[in-house]
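Novice: File name target.cif; file contents mmCIF, C-alpha atoms; full text below.
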data_entry
loop_
_atom_site.group_PDB
_atom_site.id
_atom_site.type_symbol
_atom_site.label_atom_id
_atom_site.label_comp_id
_atom_site.auth_asym_id
_atom_site.auth_seq_id
_atom_site.Cartn_x
_atom_site.Cartn_y
_atom_site.Cartn_z
ATOM 1 C CA MET A 1 11.313 26.760 35.924
ATOM 2 C CA GLU A 2 10.817 26.723 32.154
ATOM 3 C CA TYR A 3 14.385 25.504 31.659
ATOM 4 C CA LEU A 4 13.651 22.744 34.147
ATOM 5 C CA SER A 5 10.775 21.553 31.985
ATOM 6 C CA VAL A 6 13.038 21.512 28.918
ATOM 7 C CA ALA A 7 15.677 19.528 30.780
ATOM 8 C CA LEU A 8 13.102 17.103 32.206
ATOM 9 C CA ALA A 9 11.518 16.528 28.798
ATOM 10 C CA ILE A 10 14.763 15.313 27.284
ATOM 11 C CA ALA A 11 16.063 13.578 30.424
ATOM 12 C CA VAL A 12 13.033 11.390 31.057
ATOM 13 C CA ALA A 13 12.818 10.391 27.410
ATOM 14 C CA ALA A 14 16.534 9.588 27.293
ATOM 15 C CA LEU A 15 16.210 7.479 30.445
ATOM 16 C CA GLY A 16 13.422 5.338 29.036
ATOM 17 C CA SER A 17 15.084 5.027 25.680
ATOM 18 C CA ALA A 18 18.408 4.019 27.225
ATOM 19 C CA PHE A 19 16.803 1.251 29.264
ATOM 20 C CA SER A 20 14.876 -0.172 26.357
ATOM 21 C CA GLN A 21 17.829 0.030 23.992
ATOM 22 C CA GLY A 22 19.898 -1.827 26.551
ATOM 23 C CA ILE A 23 17.297 -4.573 26.798
ATOM 24 C CA ALA A 24 17.031 -4.855 23.019
ATOM 25 C CA THR A 25 20.798 -5.011 22.550
ATOM 26 C CA LYS A 26 21.127 -7.600 25.333
ATOM 27 C CA ALA A 27 18.569 -9.837 23.691
ATOM 28 C CA ALA A 28 20.223 -9.442 20.294
ATOM 29 C CA MET A 29 23.673 -10.266 21.715
ATOM 30 C CA GLU A 30 22.326 -13.358 23.417
ATOM 31 C CA GLY A 31 20.754 -14.377 20.149
ATOM 32 C CA ILE A 32 24.015 -13.880 18.261
ATOM 33 C CA SER A 33 26.048 -15.813 20.813
ATOM 34 C CA ARG A 34 23.604 -18.711 20.693
ATOM 35 C CA GLN A 35 23.329 -18.738 16.932
ATOM 36 C CA PRO A 36 26.291 -16.984 15.284
ATOM 37 C CA GLU A 37 25.157 -17.911 11.756
ATOM 38 C CA ALA A 38 22.056 -15.713 12.136
ATOM 39 C CA SER A 39 24.094 -12.664 13.118
ATOM 40 C CA GLY A 40 23.510 -10.689 9.894
ATOM 41 C CA ASP A 41 19.763 -11.088 10.131
ATOM 42 C CA ILE A 42 19.741 -10.182 13.829
ATOM 43 C CA ARG A 43 21.939 -7.137 13.255
ATOM 44 C CA THR A 44 19.607 -5.665 10.639
ATOM 45 C CA THR A 45 16.585 -6.182 12.844
ATOM 46 C CA LEU A 46 18.442 -4.754 15.836
ATOM 47 C CA ILE A 47 19.355 -1.553 13.972
ATOM 48 C CA LEU A 48 15.728 -1.131 12.907
ATOM 49 C CA ALA A 49 14.460 -1.721 16.432
ATOM 50 C CA LEU A 50 16.987 0.707 17.903
ATOM 51 C CA ALA A 51 15.937 3.319 15.351
ATOM 52 C CA PHE A 52 12.296 2.903 16.337
ATOM 53 C CA ILE A 53 13.114 3.194 20.035
ATOM 54 C CA GLU A 54 15.362 6.165 19.468
ATOM 55 C CA ALA A 55 12.688 7.956 17.469
ATOM 56 C CA LEU A 56 10.655 8.487 20.632
ATOM 57 C CA THR A 57 13.567 10.220 22.334
ATOM 58 C CA LEU A 58 14.124 12.322 19.252
ATOM 59 C CA PHE A 59 10.501 13.431 19.232
ATOM 60 C CA SER A 60 10.906 14.682 22.767
ATOM 61 C CA PHE A 61 14.206 16.286 21.737
ATOM 62 C CA VAL A 62 12.338 18.238 19.073
ATOM 63 C CA ILE A 63 9.736 19.248 21.628
ATOM 64 C CA ALA A 64 12.490 20.347 24.016
ATOM 65 C CA ILE A 65 14.071 22.469 21.296
ATOM 66 C CA LEU A 66 10.688 24.014 20.520
ATOM 67 C CA LEU A 67 10.105 24.795 24.206
ATOM 68 C CA TRP A 68 13.583 26.214 24.539
ATOM 69 C CA THR A 69 13.336 28.540 21.538
ATOM 70 C CA LYS A 70 9.912 29.762 22.666
ATOM 71 C CA ILE A 71 11.314 30.845 26.028
ATOM 72 C CA MET B 1 25.467 28.492 32.142
ATOM 73 C CA ASN B 2 25.503 31.265 29.591
ATOM 74 C CA PHE B 3 22.276 31.041 27.639
ATOM 75 C CA GLU B 4 23.299 33.814 25.248
ATOM 76 C CA ALA B 5 26.063 31.520 23.995
ATOM 77 C CA LEU B 6 23.578 28.705 23.415
ATOM 78 C CA GLN B 7 21.399 31.047 21.423
ATOM 79 C CA VAL B 8 24.452 31.765 19.275
ATOM 80 C CA VAL B 9 24.850 27.997 18.758
ATOM 81 C CA LEU B 10 21.293 27.739 17.555
ATOM 82 C CA GLU B 11 21.911 30.587 15.126
ATOM 83 C CA HIS B 12 24.903 28.674 13.781
ATOM 84 C CA VAL B 13 23.036 25.441 13.132
ATOM 85 C CA ARG B 14 20.039 27.162 11.579
ATOM 86 C CA PRO B 15 20.028 27.635 7.791
ATOM 87 C CA THR B 16 20.122 31.190 6.493
ATOM 88 C CA VAL B 17 18.678 32.621 3.290
ATOM 89 C CA VAL B 18 21.287 33.071 0.581
ATOM 90 C CA PHE B 19 19.250 34.666 -2.200
ATOM 91 C CA TYR B 20 15.725 34.853 -3.562
ATOM 92 C CA LEU B 21 14.584 33.033 -6.708
ATOM 93 C CA GLY B 22 11.526 35.083 -7.568
ATOM 94 C CA ASN B 23 9.644 34.908 -4.292
ATOM 95 C CA ILE B 24 11.167 31.667 -3.093
ATOM 96 C CA PRO B 25 13.955 32.006 -0.518
ATOM 97 C CA ILE B 26 16.934 29.782 -1.290
ATOM 98 C CA THR B 27 18.560 28.729 1.986
ATOM 99 C CA THR B 28 22.042 27.421 2.681
ATOM 100 C CA SER B 29 20.729 23.864 2.946
ATOM 101 C CA VAL B 30 19.481 24.004 -0.654
ATOM 102 C CA VAL B 31 22.798 25.380 -1.905
ATOM 103 C CA ASN B 32 24.708 22.747 0.072
ATOM 104 C CA THR B 33 22.492 20.037 -1.445
ATOM 105 C CA TRP B 34 23.371 21.374 -4.893
ATOM 106 C CA ILE B 35 27.063 21.246 -4.048
ATOM 107 C CA VAL B 36 26.800 17.630 -2.890
ATOM 108 C CA MET B 37 24.791 16.756 -6.015
ATOM 109 C CA ALA B 38 27.468 18.395 -8.163
ATOM 110 C CA ILE B 39 30.005 16.088 -6.534
ATOM 111 C CA ILE B 40 27.992 12.841 -6.652
ATOM 112 C CA ILE B 41 26.449 12.983 -10.131
ATOM 113 C CA PRO B 42 29.691 13.290 -12.175
ATOM 114 C CA LEU B 43 31.336 10.711 -9.895
ATOM 115 C CA ALA B 44 28.488 8.229 -10.429
ATOM 116 C CA TYR B 45 28.517 8.947 -14.166
ATOM 117 C CA PHE B 46 32.234 8.290 -14.539
ATOM 118 C CA ILE B 47 32.114 5.137 -12.408
ATOM 119 C CA GLY B 48 29.136 3.859 -14.355
ATOM 120 C CA LYS B 49 30.801 4.599 -17.689
ATOM 121 C CA ARG B 50 33.881 2.516 -17.044
ATOM 122 C CA VAL B 51 32.368 -0.684 -15.643
ATOM 123 C CA ARG B 52 34.638 -3.694 -16.124
ATOM 124 C CA THR B 53 34.087 -7.382 -15.448
ATOM 125 C CA VAL B 54 37.196 -7.330 -13.273
ATOM 126 C CA PRO B 55 36.492 -4.410 -10.909
ATOM 127 C CA ARG B 56 39.155 -1.825 -10.162
ATOM 128 C CA GLY B 57 39.389 1.107 -7.775
ATOM 129 C CA MET B 58 36.096 2.781 -6.961
ATOM 130 C CA GLN B 59 34.106 0.051 -8.663
ATOM 131 C CA HIS B 60 34.832 -2.271 -5.738
ATOM 132 C CA LEU B 61 33.082 0.100 -3.360
ATOM 133 C CA VAL B 62 30.033 0.495 -5.568
ATOM 134 C CA GLU B 63 29.728 -3.239 -6.172
ATOM 135 C CA MET B 64 29.949 -3.893 -2.439
ATOM 136 C CA LEU B 65 27.122 -1.451 -1.850
ATOM 137 C CA VAL B 66 24.962 -2.890 -4.625
ATOM 138 C CA GLU B 67 25.493 -6.439 -3.407
ATOM 139 C CA PHE B 68 24.606 -5.460 0.151
ATOM 140 C CA PHE B 69 21.315 -3.943 -0.997
ATOM 141 C CA TYR B 70 20.562 -6.862 -3.325
ATOM 142 C CA GLY B 71 20.992 -9.152 -0.339
ATOM 143 C CA LEU B 72 18.724 -7.005 1.780
ATOM 144 C CA LEU B 73 16.010 -6.703 -0.875
ATOM 145 C CA GLU B 74 16.025 -10.394 -1.747
ATOM 146 C CA GLU B 75 15.870 -11.336 1.906
ATOM 147 C CA THR B 76 12.698 -9.310 2.455
ATOM 148 C CA MET B 77 10.922 -9.529 -0.909
ATOM 149 C CA GLY B 78 12.468 -12.388 -2.838
ATOM 150 C CA ARG B 79 13.611 -12.093 -6.434
ATOM 151 C CA GLU B 80 11.273 -9.246 -7.422
ATOM 152 C CA GLY B 81 12.789 -7.024 -4.741
ATOM 153 C CA ARG B 82 15.772 -6.376 -7.005
ATOM 154 C CA LYS B 83 13.936 -3.785 -9.068
ATOM 155 C CA PHE B 84 13.709 -1.416 -6.070
ATOM 156 C CA LEU B 85 17.489 -1.050 -5.904
ATOM 157 C CA PRO B 86 17.551 2.361 -7.693
ATOM 158 C CA LEU B 87 15.206 3.950 -5.138
ATOM 159 C CA VAL B 88 16.792 2.458 -2.030
ATOM 160 C CA GLY B 89 20.397 2.702 -3.166
ATOM 161 C CA THR B 90 20.074 6.299 -4.330
ATOM 162 C CA LEU B 91 18.490 7.293 -1.035
ATOM 163 C CA PHE B 92 21.302 5.616 0.875
ATOM 164 C CA VAL B 93 24.155 7.156 -1.136
ATOM 165 C CA PHE B 94 22.607 10.609 -1.268
ATOM 166 C CA ILE B 95 21.734 10.783 2.432
ATOM 167 C CA LEU B 96 25.127 9.368 3.389
ATOM 168 C CA CYS B 97 26.919 12.051 1.346
ATOM 169 C CA LEU B 98 24.671 14.770 2.777
ATOM 170 C CA ASN B 99 25.352 13.574 6.329
ATOM 171 C CA LEU B 100 29.090 13.376 5.783
ATOM 172 C CA SER B 101 29.210 16.762 4.006
ATOM 173 C CA TRP B 102 29.532 18.033 7.535
ATOM 174 C CA PHE B 103 33.278 17.355 7.289
ATOM 175 C CA ILE B 104 33.750 19.916 4.548
ATOM 176 C CA PRO B 105 34.803 22.926 6.642
ATOM 177 C CA GLY B 106 32.200 25.646 6.943
ATOM 178 C CA MET B 107 29.454 23.468 5.496
ATOM 179 C CA LEU B 108 26.233 22.816 7.341
ATOM 180 C CA PRO B 109 24.849 19.388 6.420
ATOM 181 C CA PRO B 110 21.495 19.891 4.682
ATOM 182 C CA THR B 111 20.007 17.034 6.724
ATOM 183 C CA THR B 112 20.055 19.265 9.811
ATOM 184 C CA ASP B 113 17.224 21.175 8.145
ATOM 185 C CA LEU B 114 13.750 19.708 8.621
ATOM 186 C CA SER B 115 12.711 20.823 5.121
ATOM 187 C CA THR B 116 15.328 18.601 3.451
ATOM 188 C CA THR B 117 14.458 15.498 5.423
ATOM 189 C CA LEU B 118 10.742 16.115 5.001
ATOM 190 C CA GLY B 119 11.343 16.331 1.252
ATOM 191 C CA PHE B 120 13.094 12.957 1.326
ATOM 192 C CA ALA B 121 10.359 11.415 3.443
ATOM 193 C CA ILE B 122 7.550 12.683 1.192
ATOM 194 C CA VAL B 123 9.286 11.392 -1.951
ATOM 195 C CA THR B 124 9.830 8.016 -0.291
ATOM 196 C CA ILE B 125 6.305 7.656 1.031
ATOM 197 C CA VAL B 126 4.675 8.701 -2.255
ATOM 198 C CA ALA B 127 6.869 6.205 -4.090
ATOM 199 C CA VAL B 128 5.947 3.477 -1.601
ATOM 200 C CA GLN B 129 2.214 4.181 -1.952
ATOM 201 C CA LEU B 130 2.521 4.143 -5.765
ATOM 202 C CA ILE B 131 4.342 0.809 -5.582
ATOM 203 C CA GLY B 132 1.489 -0.448 -3.392
ATOM 204 C CA VAL B 133 -1.123 0.714 -5.912
ATOM 205 C CA LYS B 134 0.789 -0.852 -8.800
ATOM 206 C CA LYS B 135 1.226 -4.139 -6.953
ATOM 207 C CA ARG B 136 -2.330 -4.585 -5.658
ATOM 208 C CA GLY B 137 -4.427 -2.473 -7.996
ATOM 209 C CA ILE B 138 -6.588 0.432 -6.837
ATOM 210 C CA GLY B 139 -9.178 -1.877 -5.227
ATOM 211 C CA GLY B 140 -6.618 -3.913 -3.372
ATOM 212 C CA TYR B 141 -4.868 -0.767 -2.212
ATOM 213 C CA ILE B 142 -8.068 0.695 -0.740
ATOM 214 C CA LYS B 143 -9.009 -2.676 0.670
ATOM 215 C CA HIS B 144 -5.770 -2.914 2.620
ATOM 216 C CA PHE B 145 -6.931 0.017 4.759
ATOM 217 C CA PHE B 146 -9.912 -2.053 5.921
ATOM 218 C CA GLN B 147 -7.964 -5.071 7.066
ATOM 219 C CA PRO B 148 -8.218 -7.053 9.274
ATOM 220 C CA ASN B 149 -11.615 -5.452 9.930
ATOM 221 C CA PRO B 150 -13.259 -2.141 8.943
ATOM 222 C CA PHE B 151 -13.091 -0.741 12.476
ATOM 223 C CA LEU B 152 -9.343 -0.389 12.156
ATOM 224 C CA PHE B 153 -9.622 2.008 9.211
ATOM 225 C CA PRO B 154 -8.722 5.185 11.184
ATOM 226 C CA LEU B 155 -5.754 3.409 12.724
ATOM 227 C CA ASN B 156 -4.493 2.185 9.358
ATOM 228 C CA LEU B 157 -4.897 5.654 7.845
ATOM 229 C CA LEU B 158 -3.052 7.198 10.784
ATOM 230 C CA GLU B 159 -0.255 4.675 10.357
ATOM 231 C CA GLU B 160 0.264 5.747 6.749
ATOM 232 C CA LEU B 161 0.148 9.439 7.663
ATOM 233 C CA VAL B 162 2.601 9.135 10.539
ATOM 234 C CA LYS B 163 5.206 7.339 8.412
ATOM 235 C CA PRO B 164 6.635 10.444 6.663
ATOM 236 C CA VAL B 165 6.589 12.433 9.914
ATOM 237 C CA SER B 166 8.560 9.859 11.878
ATOM 238 C CA LEU B 167 10.881 9.172 8.944
ATOM 239 C CA SER B 168 11.799 12.824 8.516
ATOM 240 C CA LEU B 169 11.941 13.684 12.216
ATOM 241 C CA ARG B 170 14.251 10.758 12.925
ATOM 242 C CA LEU B 171 16.863 11.828 10.399
ATOM 243 C CA PHE B 172 16.519 15.519 11.223
ATOM 244 C CA ALA B 173 16.711 15.139 14.996
ATOM 245 C CA ASN B 174 19.671 12.771 14.887
ATOM 246 C CA MET B 175 21.775 15.011 12.676
ATOM 247 C CA PHE B 176 20.641 18.209 14.378
ATOM 248 C CA GLY B 177 21.344 16.756 17.818
ATOM 249 C CA GLU B 178 24.795 15.612 16.780
ATOM 250 C CA GLU B 179 25.582 19.013 15.323
ATOM 251 C CA THR B 180 24.326 20.873 18.410
ATOM 252 C CA VAL B 181 26.287 18.665 20.797
ATOM 253 C CA VAL B 182 29.523 19.275 18.880
ATOM 254 C CA MET B 183 28.858 23.022 18.724
ATOM 255 C CA VAL B 184 28.211 23.219 22.470
ATOM 256 C CA LEU B 185 31.357 21.190 23.194
ATOM 257 C CA PHE B 186 33.333 23.535 20.956
ATOM 258 C CA ILE B 187 32.145 26.483 22.993
ATOM 259 C CA LEU B 188 32.884 24.798 26.325
ATOM 260 C CA ILE B 189 36.211 23.058 25.572
ATOM 261 C CA PRO B 190 37.471 23.781 22.048
ATOM 262 C CA LEU B 191 40.514 21.489 22.197
ATOM 263 C CA PHE B 192 40.518 17.679 21.593
ATOM 264 C CA ILE B 193 37.282 16.975 23.462
ATOM 265 C CA PRO B 194 34.890 17.343 20.501
ATOM 266 C CA THR B 195 36.968 14.981 18.322
ATOM 267 C CA PRO B 196 35.541 11.672 19.657
ATOM 268 C CA VAL B 197 32.047 13.090 19.378
ATOM 269 C CA MET B 198 32.762 14.060 15.781
ATOM 270 C CA LEU B 199 33.989 10.512 15.183
ATOM 271 C CA LEU B 200 30.669 9.346 16.574
ATOM 272 C CA GLY B 201 29.104 11.706 14.025
ATOM 273 C CA ILE B 202 30.575 9.666 11.133
ATOM 274 C CA ILE B 203 29.062 6.464 12.527
ATOM 275 C CA MET B 204 25.791 8.283 13.191
ATOM 276 C CA GLY B 205 25.620 9.585 9.623
ATOM 277 C CA LEU B 206 26.256 6.094 8.242
ATOM 278 C CA ILE B 207 23.688 4.463 10.526
ATOM 279 C CA GLN B 208 21.031 7.084 9.851
ATOM 280 C CA ALA B 209 21.441 6.697 6.080
ATOM 281 C CA LEU B 210 21.217 2.915 6.549
ATOM 282 C CA VAL B 211 18.140 3.246 8.756
ATOM 283 C CA PHE B 212 16.388 5.486 6.244
ATOM 284 C CA SER B 213 16.910 3.045 3.383
ATOM 285 C CA LEU B 214 16.126 0.050 5.618
ATOM 286 C CA LEU B 215 12.817 1.615 6.603
ATOM 287 C CA THR B 216 12.055 2.258 2.934
ATOM 288 C CA VAL B 217 12.651 -1.433 2.266
ATOM 289 C CA VAL B 218 10.417 -2.400 5.188
ATOM 290 C CA TYR B 219 7.602 -0.110 4.028
ATOM 291 C CA ILE B 220 7.787 -1.453 0.469
ATOM 292 C CA SER B 221 7.817 -5.043 1.672
ATOM 293 C CA SER B 222 4.812 -4.407 3.916
ATOM 294 C CA PHE B 223 2.884 -3.508 0.750
ATOM 295 C CA ILE B 224 4.147 -6.522 -1.155
ATOM 296 C CA HIS B 225 3.529 -9.108 1.535
ATOM 297 C CA GLY B 226 0.673 -7.533 3.455
ATOM 298 C CA HIS B 227 0.936 -7.126 7.192
#
Starting from the file, lay out its structure as structure tokens.
Specialist:
Amino acid sequence: MEYLSVALAIAVAALGSAFSQGIATKAAMEGISRQPEASGDIRTTLILALAFIEALTLFSFVIAILLWTKI
Amino acid sequence: MNFEALQVVLEHVRPTVVFYLGNIPITTSVVNTWIVMAIIIPLAYFIGKRVRTVPRGMQHLVEMLVEFFYGLLEETMGREGRKFLPLVGTLFVFILCLNLSWFIPGMLPPTTDLSTTLGFAIVTIVAVQLIGVKKRGIGGYIKHFFQPNPFLFPLNLLEELVKPVSLSLRLFANMFGEETVVMVLFILIPLFIPTPVMLLGIIMGLIQALVFSLLTVVYISSFIHGH
């Protein structure tokens, strides 16, 4: 049961993060294909945005590790 | 699933104490940081000593890096952004080398230790706050906590306090996660399968170093421009 909570903590966070990263990347790709000259600018912003989104998953990863080592 | 084996993995990716300096325990991550420093500092010194107008060899790489960061800094802060190159560039090069030190056999990258990344984050955030104080003056710096209206003061304070936490946790969790995944794959299937994931580790190390320095730039520019 405790292992289930660890698995759920990381799985749910990864699910949400994957969806939102997909949406962000889709928007960025559309932007690049419409306006190729702005690609450098868009790429930098995209990496930043992905890092921010990913951070939430990583927080839950840390929590999962904490839960797991406590058990 | 054999949980004993996973416990062994965790023991492998956790830093161990090498020796004591007085009362302070010196862990493997500190020693590994020293090793990486011992590689970078002489390299940087020798490259910097023999700078030519027509670049040759390693100088190409360094100039590429410097020009990339000049472009980034000027894009966000204009001409005055150039003077922050030493902070941002050093962070990038140092974190990149620490992340990639993983590929020296038997070496645990120091960035998989939360203490290292927290050290980086605290240095960065203190530097950013000092830049903010220097740019706006003490009054302006305190005033920026009360904008756009005084009710947002707790939120603004929280924002500043959360910055080092998220900065350090991001780098730590990415590198630690990568390391753990490769270790687990090595235990499950030791042959060929972990190689693509290790390749992903190179890209991850590069991107995380880039993200750390990019966030530093963003934090500095938020103090220079206001929100």
Novice: Determine the residue set returned by the PyMOL selection byres ((chain A) within 9 of (chain B)) for the present structure, and present it as a ChimeraX atom specification.
Specialist: /A:44,47-48,51-52,54-56,58-59,61-62,69
Novice: Since I can't run it myself right now, could you work out what the PyMOL selection byres ((chain B and resi 12-22) around 12) selects here and report it as a compact mmCIF listing (two decimals) with C-alpha atoms, keeping the file's coordinate frame?
Specialist:
# COMPACT_ATOMS: atom_id res chain seq x y z
CA ALA B 5 26.06 31.52 24.00
CA LEU B 6 23.58 28.70 23.42
CA GLN B 7 21.40 31.05 21.42
CA VAL B 8 24.45 31.76 19.27
CA VAL B 9 24.85 28.00 18.76
CA LEU B 10 21.29 27.74 17.56
CA GLU B 11 21.91 30.59 15.13
CA ASN B 23 9.64 34.91 -4.29
CA ILE B 24 11.17 31.67 -3.09
CA PRO B 25 13.96 32.01 -0.52
CA ILE B 26 16.93 29.78 -1.29
CA THR B 27 18.56 28.73 1.99
CA THR B 28 22.04 27.42 2.68
CA SER B 29 20.73 23.86 2.95
CA VAL B 30 19.48 24.00 -0.65
CA VAL B 31 22.80 25.38 -1.90
CA ASN B 32 24.71 22.75 0.07
CA TRP B 102 29.53 18.03 7.54
CA GLY B 106 32.20 25.65 6.94
CA MET B 107 29.45 23.47 5.50
CA LEU B 108 26.23 22.82 7.34
CA PRO B 109 24.85 19.39 6.42
CA PRO B 110 21.50 19.89 4.68
CA THR B 111 20.01 17.03 6.72
CA THR B 112 20.06 19.26 9.81
CA ASP B 113 17.22 21.18 8.14
CA LEU B 114 13.75 19.71 8.62
CA SER B 115 12.71 20.82 5.12
CA THR B 116 15.33 18.60 3.45
CA MET B 175 21.78 15.01 12.68
CA PHE B 176 20.64 18.21 14.38
CA GLY B 177 21.34 16.76 17.82
CA GLU B 178 24.80 15.61 16.78
CA GLU B 179 25.58 19.01 15.32
CA THR B 180 24.33 20.87 18.41
CA VAL B 181 26.29 18.66 20.80
CA VAL B 182 29.52 19.27 18.88
CA MET B 183 28.86 23.02 18.72
CA VAL B 184 28.21 23.22 22.47
CA ILE B 187 32.15 26.48 22.99
Novice: A:Leu66: which residues within 12 Å, counting all atoms listed in the file, same-chain residues fewer than 6 positions away excluded, as an NGL selection string?
Specialist: (:A and (2-3 or 5-6 or 9-10 or 59-60)) or (:B and (10))
Novice: Can I get the selected residues back with C-alpha atoms, as a PDB file, in the frame of the given file?
Specialist:
ATOM      1  CA  GLU A   2      10.817  26.723  32.154  1.00  0.00           C
ATOM      2  CA  TYR A   3      14.385  25.504  31.659  1.00  0.00           C
ATOM      3  CA  SER A   5      10.775  21.553  31.985  1.00  0.00           C
ATOM      4  CA  VAL A   6      13.038  21.512  28.918  1.00  0.00           C
ATOM      5  CA  ALA A   9      11.518  16.528  28.798  1.00  0.00           C
ATOM      6  CA  ILE A  10      14.763  15.313  27.284  1.00  0.00           C
ATOM      7  CA  PHE A  59      10.501  13.431  19.232  1.00  0.00           C
ATOM      8  CA  SER A  60      10.906  14.682  22.767  1.00  0.00           C
TER       9      SER A  60
ATOM     10  CA  LEU B  10      21.293  27.739  17.555  1.00  0.00           C
TER      11      LEU B  10
END
Novice: Could you expand the PyMOL selection byres ((chain B and resi 82) around 10) into the explicit residues it covers here, written as a VMD selection string?
Specialist: chain B and resid 69 to 74 77 to 81 83 to 86
Novice: In Å, how far is it from atom CA of B:Met204 to atom CA of B:Ile95?
Specialist: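 According to the coordinates, atom CA of B:Met204 and atom CA of B:Ile95 are separated by 11.8 Å.
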Novice: Could you list, as a list in words, every residue within 8 Å of A:Thr57, counting only C-alpha atoms and ignoring same-chain residues fewer than 5 positions away?
Specialist: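 Everything that qualifies: Ile10, Ala13, Ala14 and Ser17 of chain A.
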Novice: Taking all atoms of stretch 20-35 of chain A that the file lists, what box with edges along x, y and z, padded by 6 Å per side, do you get, with centre and edge lengths in Å to one decimal, as AutoDock Vina command-line options?
Specialist:
--center_x 20.5 --center_y -9.4 --center_z 21.9 --size_x 23.2 --size_y 30.8 --size_z 21.9
Novice: Counting only C-alpha atoms, figure out which residue out of A:Leu4, A:Asp41, A:Ala49, A:Pro36 gets nearest to A:Gly22.
Specialist: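 Residue with the minimum atom-to-atom distance to A:Gly22: A:Ala49.
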Novice: I need the residue nearest A:Met1 from this list: A:Gly16, A:Glu30, A:Ile23, A:Leu67. Use all atoms listed in the file for the distance.
Specialist: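 For A:Met1, the nearest of the given residues is A:Leu67.
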Novice: Find, counting only C-alpha atoms, the residue in B:Leu43, B:Ile122, B:Leu191, B:Leu98 that gets nearest to B:Glu160.
Specialist: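 The answer is B:Ile122, which sits nearest to B:Glu160.
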Novice: Please report the interatomic distance between atom CA of B:Ser168 and atom CA of B:Val126 in Å with one decimal.
Specialist: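 Taking atom CA of B:Ser168 as the start and atom CA of B:Val126 as the end point, the length is 13.6 Å.
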Novice: Tell me, in Å to one decimal, how far atom CA of B:Val217 is from atom CA of B:Thr76.
Specialist: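 One can read the atom CA of B:Val217 to atom CA of B:Thr76 distance as 7.9 Å.
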Novice: Fewer than 4 positions away in the same chain doesn't count, so skip those; otherwise give me all residues within 12 Å of B:Ile39, counting all atoms listed in the file, as a list of chain:residue names.
Specialist: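 Near B:Ile39, the qualifying residues are B:Asn32, B:Thr33, B:Trp34, B:Ile35, B:Leu43, B:Ala44, B:Tyr45, B:Phe46, B:Val93, B:Phe94, B:Cys97, B:Leu98, B:Ser101.
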Novice: Hey, can you spit out that residue selection with C-alpha atoms as a CSV table (one decimal), in the frame of the given file?
Specialist:
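Wrote it out as part_16.csv, contents follow:
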chain,number,residue,atom,x,y,z
B,32,ASN,CA,24.7,22.7,0.1
B,33,THR,CA,22.5,20.0,-1.4
B,34,TRP,CA,23.4,21.4,-4.9
B,35,ILE,CA,27.1,21.2,-4.0
B,43,LEU,CA,31.3,10.7,-9.9
B,44,ALA,CA,28.5,8.2,-10.4
B,45,TYR,CA,28.5,8.9,-14.2
B,46,PHE,CA,32.2,8.3,-14.5
B,93,VAL,CA,24.2,7.2,-1.1
B,94,PHE,CA,22.6,10.6,-1.3
B,97,CYS,CA,26.9,12.1,1.3
B,98,LEU,CA,24.7,14.8,2.8
B,101,SER,CA,29.2,16.8,4.0
